[in-house]
Structures are given as C-alpha cells and as structure tokens.
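Undergrad: Got start.cif for you, mmCIF, C-alpha atoms:
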data_target
loop_
_atom_site.label_atom_id
_atom_site.label_comp_id
_atom_site.auth_asym_id
_atom_site.auth_seq_id
_atom_site.Cartn_x
_atom_site.Cartn_y
_atom_site.Cartn_z
CA MET A 1 23.55 24.45 -9.96
CA ALA A 2 23.16 27.93 -11.44
CA GLY A 3 19.38 27.61 -11.21
CA LEU A 4 19.29 27.05 -7.45
CA PRO A 5 17.83 29.71 -5.14
CA PRO A 6 20.27 32.09 -3.44
CA ALA A 7 22.16 30.58 -0.51
CA ASP A 8 20.42 32.91 1.94
CA ARG A 9 19.24 30.44 4.59
CA VAL A 10 20.03 27.06 6.08
CA GLU A 11 19.31 24.06 3.88
CA ILE A 12 18.41 20.55 4.93
CA CYS A 13 18.47 17.98 2.14
CA PHE A 14 16.97 14.56 1.73
CA ALA A 15 18.94 12.02 -0.26
CA GLY A 16 18.23 8.37 -0.88
CA ARG A 17 17.81 5.63 -3.40
CA SER A 18 14.98 5.90 -5.87
CA ASN A 19 11.69 4.82 -4.29
CA VAL A 20 12.95 5.14 -0.69
CA GLY A 21 10.16 7.56 0.25
CA LYS A 22 11.81 11.01 0.13
CA SER A 23 8.73 12.80 -1.21
CA SER A 24 6.39 10.99 1.20
CA LEU A 25 8.63 11.96 4.12
CA ILE A 26 8.70 15.62 3.09
CA ASN A 27 4.91 15.57 2.78
CA ALA A 28 4.60 14.02 6.25
CA LEU A 29 7.04 16.55 7.76
CA THR A 30 5.18 19.52 6.31
CA GLY A 31 1.71 18.11 6.88
CA ARG A 32 0.93 18.73 3.21
CA LYS A 33 -0.29 15.65 1.40
CA ASN A 34 0.82 16.59 -2.12
CA LEU A 35 3.61 19.14 -1.64
CA ALA A 36 6.35 16.83 -2.90
CA ARG A 37 5.22 14.57 -5.70
CA ALA A 38 5.26 10.95 -4.59
CA SER A 39 5.08 8.17 -7.15
CA ASN A 40 5.21 4.40 -7.29
CA THR A 41 7.62 4.71 -10.22
CA PRO A 42 11.27 5.01 -9.13
CA GLY A 43 13.18 8.02 -10.42
CA ARG A 44 10.32 10.52 -10.70
CA THR A 45 12.21 13.29 -8.89
CA GLN A 46 14.53 14.49 -11.64
CA GLU A 47 15.59 17.87 -10.30
CA ILE A 48 16.65 19.41 -7.01
CA ASN A 49 13.36 20.62 -5.52
CA TYR A 50 13.34 23.35 -2.88
CA PHE A 51 10.53 23.81 -0.39
CA THR A 52 10.46 26.89 1.82
CA THR A 53 9.37 26.82 5.44
CA THR A 54 8.07 29.74 7.46
CA GLU A 55 11.17 31.41 8.92
CA GLY A 56 13.01 28.11 8.73
CA PRO A 57 15.35 26.20 6.48
CA TYR A 58 14.86 25.17 2.91
CA LEU A 59 13.85 21.52 2.67
CA VAL A 60 15.60 20.12 -0.39
CA ASP A 61 14.40 16.99 -2.19
CA LEU A 62 17.26 15.50 -4.21
CA PRO A 63 16.87 13.13 -7.16
CA GLY A 64 17.07 9.50 -6.11
CA TYR A 65 20.24 7.60 -6.75
CA GLY A 66 20.53 4.01 -7.83
CA PHE A 67 17.76 2.35 -9.84
CA ALA A 68 15.56 4.63 -11.91
CA GLU A 69 13.50 4.01 -15.00
CA ALA A 70 15.24 6.60 -17.13
CA PRO A 71 17.84 6.61 -19.90
CA VAL A 72 21.40 6.03 -18.70
CA ALA A 73 22.48 9.54 -19.82
CA VAL A 74 19.71 11.12 -17.75
CA VAL A 75 20.61 9.07 -14.67
CA GLU A 76 24.28 10.06 -15.07
CA LYS A 77 23.23 13.73 -15.26
CA TRP A 78 21.27 13.34 -12.01
CA GLN A 79 24.29 11.74 -10.37
CA ARG A 80 26.57 14.63 -11.39
CA LEU A 81 24.02 17.17 -10.12
CA LEU A 82 23.66 15.32 -6.82
CA LYS A 83 27.43 15.21 -6.30
CA ALA A 84 27.85 18.88 -7.25
CA TYR A 85 25.12 19.92 -4.80
CA LEU A 86 26.42 17.83 -1.91
CA SER A 87 29.98 19.01 -2.31
CA GLY A 88 29.34 22.67 -3.10
CA ARG A 89 26.39 24.14 -1.19
CA VAL A 90 27.76 26.23 1.71
CA THR A 91 24.39 26.65 3.46
CA LEU A 92 23.76 22.89 3.62
CA ARG A 93 23.66 22.06 7.35
CA ARG A 94 22.71 18.42 7.22
CA ALA A 95 21.89 15.77 4.72
CA PHE A 96 19.30 13.26 5.79
CA VAL A 97 20.14 10.03 4.01
CA LEU A 98 17.03 7.92 3.74
CA ILE A 99 17.48 4.17 3.96
CA ASP A 100 14.60 1.78 3.29
CA ALA A 101 14.21 -0.35 6.43
CA ARG A 102 13.33 -3.35 4.27
CA HIS A 103 16.79 -3.29 2.64
CA GLY A 104 19.30 -1.60 4.97
CA VAL A 105 22.48 0.07 3.71
CA LYS A 106 23.40 -1.06 0.20
CA ALA A 107 26.62 -0.41 -1.73
CA VAL A 108 25.09 2.57 -3.56
CA ASP A 109 24.13 4.12 -0.19
CA ASP A 110 27.66 3.62 1.07
CA GLU A 111 28.95 5.55 -1.98
CA ILE A 112 26.81 8.56 -1.02
CA LEU A 113 27.86 8.30 2.64
CA THR A 114 31.51 8.32 1.51
CA LEU A 115 30.85 11.34 -0.73
CA LEU A 116 29.33 13.16 2.25
CA ASP A 117 32.40 12.30 4.35
CA ARG A 118 34.71 13.66 1.64
CA SER A 119 32.58 16.79 1.29
CA ALA A 120 32.54 17.32 5.08
CA VAL A 121 28.72 17.36 5.07
CA THR A 122 27.22 16.13 8.31
CA PHE A 123 24.59 13.53 7.58
CA GLN A 124 22.04 11.59 9.54
CA VAL A 125 20.36 8.35 8.53
CA VAL A 126 16.58 8.19 8.47
CA LEU A 127 15.14 4.70 8.21
CA THR A 128 11.94 4.81 6.18
CA LYS A 129 9.04 2.40 5.78
CA VAL A 130 9.57 0.77 9.20
CA ASP A 131 5.87 -0.09 9.25
CA LYS A 132 6.57 -2.62 6.49
CA ILE A 133 8.80 -4.87 8.65
CA SER A 134 8.52 -6.75 11.96
CA LYS A 135 10.02 -5.54 15.24
CA ALA A 136 12.74 -8.21 15.01
CA GLU A 137 13.63 -7.15 11.45
CA ARG A 138 13.67 -3.53 12.62
CA GLU A 139 16.25 -4.30 15.31
CA LYS A 140 18.43 -6.16 12.79
CA VAL A 141 18.38 -3.33 10.26
CA ILE A 142 19.09 -0.70 12.94
CA GLU A 143 22.13 -2.75 13.99
CA GLN A 144 23.27 -3.15 10.35
CA VAL A 145 22.94 0.60 9.73
CA ALA A 146 24.67 1.52 12.99
CA GLN A 147 27.55 -0.79 12.08
CA ALA A 148 27.82 0.75 8.59
CA LEU A 149 27.92 4.27 10.09
CA THR A 150 30.98 3.49 12.20
CA LYS A 151 33.09 3.86 9.03
CA HIS A 152 31.83 7.40 8.33
CA PRO A 153 33.23 10.35 10.28
CA ALA A 154 30.53 12.77 9.00
CA ALA A 155 27.71 10.57 10.33
CA HIS A 156 25.48 11.87 13.11
CA PRO A 157 25.16 9.00 15.59
CA GLU A 158 21.37 9.04 16.04
CA ILE A 159 19.34 7.00 13.53
CA VAL A 160 15.80 8.33 13.08
CA VAL A 161 13.23 5.58 12.55
CA THR A 162 10.20 6.68 10.53
CA SER A 163 7.02 5.67 8.80
CA SER A 164 5.45 8.39 6.67
CA GLU A 165 2.31 6.29 6.39
CA LYS A 166 1.84 5.77 10.16
CA GLY A 167 3.50 9.02 11.31
CA GLU A 168 6.15 7.28 13.39
CA GLY A 169 9.27 9.35 13.99
CA ILE A 170 7.92 12.41 12.15
CA ALA A 171 7.73 14.58 15.30
CA THR A 172 11.30 13.58 16.20
CA LEU A 173 12.56 14.55 12.76
CA ARG A 174 10.66 17.88 12.88
CA THR A 175 12.34 18.64 16.22
CA ILE A 176 15.81 17.86 14.84
CA ILE A 177 15.20 20.14 11.85
CA ALA A 178 13.79 22.95 14.03
CA THR A 179 17.00 23.05 16.10
CA MET A 180 19.30 23.62 13.13
CA GLU A 181 20.63 27.08 12.45
#
In structure tokens, how does this file's structure come out?
TA:
Amino acid sequence: MAGLPPADRVEICFAGRSNVGKSSLINALTGRKNLARASNTPGRTQEINYFTTTEGPYLVDLPGYGFAEAPVAVVEKWQRLLKAYLSGRVTLRRAFVLIDARHGVKAVDDEILTLLDRSAVTFQVVLTKVDKISKAEREKVIEQVAQALTKHPAAHPEIVVTSSEKGEGIATLRTIIATME
C-alpha cells in the first residue's frame, strides 16, 4: 500500500476473478490495445496497476482473486493487498466488480461483494464476455446476478453488460466513469 500513488484524485477500480477480462476491459475503455497486459494465463496481474486519464480518475486494475497459477503464498499476498486496498483507499469512488457472463456470481465473488459492503465501498457489477453466450443465457445470468445483488447494500443497482471483443457496453461504462467526481 505504501507504494501507491498519492490519493490526489478519484479512483475507479476493477476487481474480478482471475481471467474475467479486467485488462481487456481497461484496454477497450481507453481505446489502447496493449495498455493493460491481457493474458490467457489466469493470475498474470500480480500488483495494483494504476492508469491515469486526462483530467479524470485513476483507473485501477486489481489482481484477480480466485484461481491463479501461482504459489499459494503469492496468492495469499495478493488477497491481503486486495483487501487492504478496498478497505483503506479514501479516494476510491466505485469498484467495478467484473463477473464472467458464462459463470455468473460464484462464492468467491460473493466474498468480495461482502467485503465491499463492510468497507462501505459502492460497487457496480460489470458482466464481461457476453458475446460468448446466447441471448437466453444472457437473460438468465442477468437475473442470477440481480438476485445476488439484493443481499448487498453497497451494490449499485444497474448491471453493465459488456463485451471487450465486440465493444458492447463500453460506451455506457465510459459514460458512468466520466460522471464520477
């Protein structure tokens, strides 16, 4: 935590399971293909990565939680860092919790949502990879996520549906971020 930039502007963070598409989403949002390093190997983001925007908030890419191909001690260190960041960063305005549309909310996601509730951090769910499922499956997963969010007082009610590959929902997410102060 001591190595983080000064808390001198609004921060928007992206949290999610390993391999949920955090880096791809940040790249799509910024229009920069290789800004955040995307990989097919889960657990590649091993630090809190800050990206500056012109006169806007920091975009913060958090290490993935859940499965990662890394030693247990390293994964535990990431988990402690993630929890410390989420519960202690005063300039954090919203956490975007990325949920893979192919899987919906899993127990490990619910743990992070509960941590955000306890930390009084407003969060919003972003469904990723919606291009990988059918319209019927999309409706089912949206309903499952909406139902899961009813238990979380810090949850923002709107679910943002995205595909970094196809560009779906990216403009909506940009607009949400642009309105935060």
Undergrad: My list of candidates is A:Leu4, A:Ala178, A:Ala107, A:Leu92. Which is closest to A:Thr54 when distances are computed with all atoms listed in the file?
TA: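 Distance minimum relative to A:Thr54 lands on A:Ala178.
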Undergrad: Give me the residues within 12 Å of A:Arg118 as a PyMOL selection string, counting only C-alpha atoms and dropping any in the same chain fewer than 2 places off.
TA: chain A and resi 83+86-88+111-116+120-123+152-155
Undergrad: Would you mind listing what lies within 6 Å of A:Cys13 as a ChimeraX atom specification, with all atoms listed in the file counted and same-chain residues fewer than 2 positions away left out?
TA: /A:59-60,95
Undergrad: Taking the file as shown, find all residues satisfying the PyMOL selection byres ((chain A and resi 51) around 9) and write them as a PDB file with C-alpha atoms, keeping the file's coordinate frame.
TA:
ATOM      1  CA  LEU A  35       3.610  19.140  -1.640  1.00  0.00           C
ATOM      2  CA  ALA A  36       6.350  16.830  -2.900  1.00  0.00           C
ATOM      3  CA  ASN A  49      13.360  20.620  -5.520  1.00  0.00           C
ATOM      4  CA  TYR A  50      13.340  23.350  -2.880  1.00  0.00           C
ATOM      5  CA  THR A  52      10.460  26.890   1.820  1.00  0.00           C
ATOM      6  CA  THR A  53       9.370  26.820   5.440  1.00  0.00           C
ATOM      7  CA  PRO A  57      15.350  26.200   6.480  1.00  0.00           C
ATOM      8  CA  TYR A  58      14.860  25.170   2.910  1.00  0.00           C
ATOM      9  CA  LEU A  59      13.850  21.520   2.670  1.00  0.00           C
ATOM     10  CA  VAL A  60      15.600  20.120  -0.390  1.00  0.00           C
ATOM     11  CA  ASP A  61      14.400  16.990  -2.190  1.00  0.00           C
TER      12      ASP A  61
END
Undergrad: Please list as a ChimeraX atom specification every residue within 12 Å of A:Glu139, counting all atoms listed in the file and excluding residues in the same chain fewer than 5 positions away.
TA: /A:101-102,104,127,130,133-134,144-146,159,161
Undergrad: Work out how far apart atom CA of A:Gly31 and atom CA of A:Glu168 are and give it in Å to one decimal.
TA: 13.4 Å
Undergrad: Starting from the shown file, work through the PyMOL selection byres ((chain A and resi 163) around 9) and note down what comes out as a list in words.
TA: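 Selection result, ordered by chain and number: Leu25, Leu127, Thr128, Lys129, Val130, Asp131, Lys132, Val161, Thr162, Ser164, Glu165, Lys166, Gly167, Glu168, Gly169 and Ile170 of chain A.
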Undergrad: Suppose you want the space between atom CA of A:Ile177 and atom CA of A:Ile26; what is it in Å?
TA: 11.8 Å
Undergrad: Interatomic distance between atom CA of A:Lys140 and atom CA of A:Asp109?
TA: 17.5 Å
Undergrad: Have a look at A:Val126, A:Ala28, A:Val74, A:Ile99 and name the one nearest to A:Glu158; count all atoms listed in the file.
TA: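 For A:Glu158, the nearest of the given residues is A:Val126.
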Undergrad: Let me make sure I understand: among A:Ile12, A:Lys33, A:Ala7, A:Lys106, which one has the smallest atom-to-atom distance to A:Ala148 if we use all atoms listed in the file?
TA: A:Lys106
Undergrad: Choose the residue, out of A:Trp78, A:Tyr65, A:Tyr85, A:Phe96, that has the smallest atom-to-atom separation from A:Ser18; count only C-alpha atoms.
TA: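 For A:Ser18, the nearest of the given residues is A:Tyr65.
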Undergrad: With all atoms listed in the file as the basis for distance, which of A:Arg17, A:Arg174, A:Arg32, A:Arg80 is at the shortest distance from A:Val105?
TA: A:Arg17
Undergrad: Which residue, A:His103, A:Lys22, A:Thr175, A:Val125, has the smallest gap to A:Val160 when you use only C-alpha atoms?
TA: A:Val125
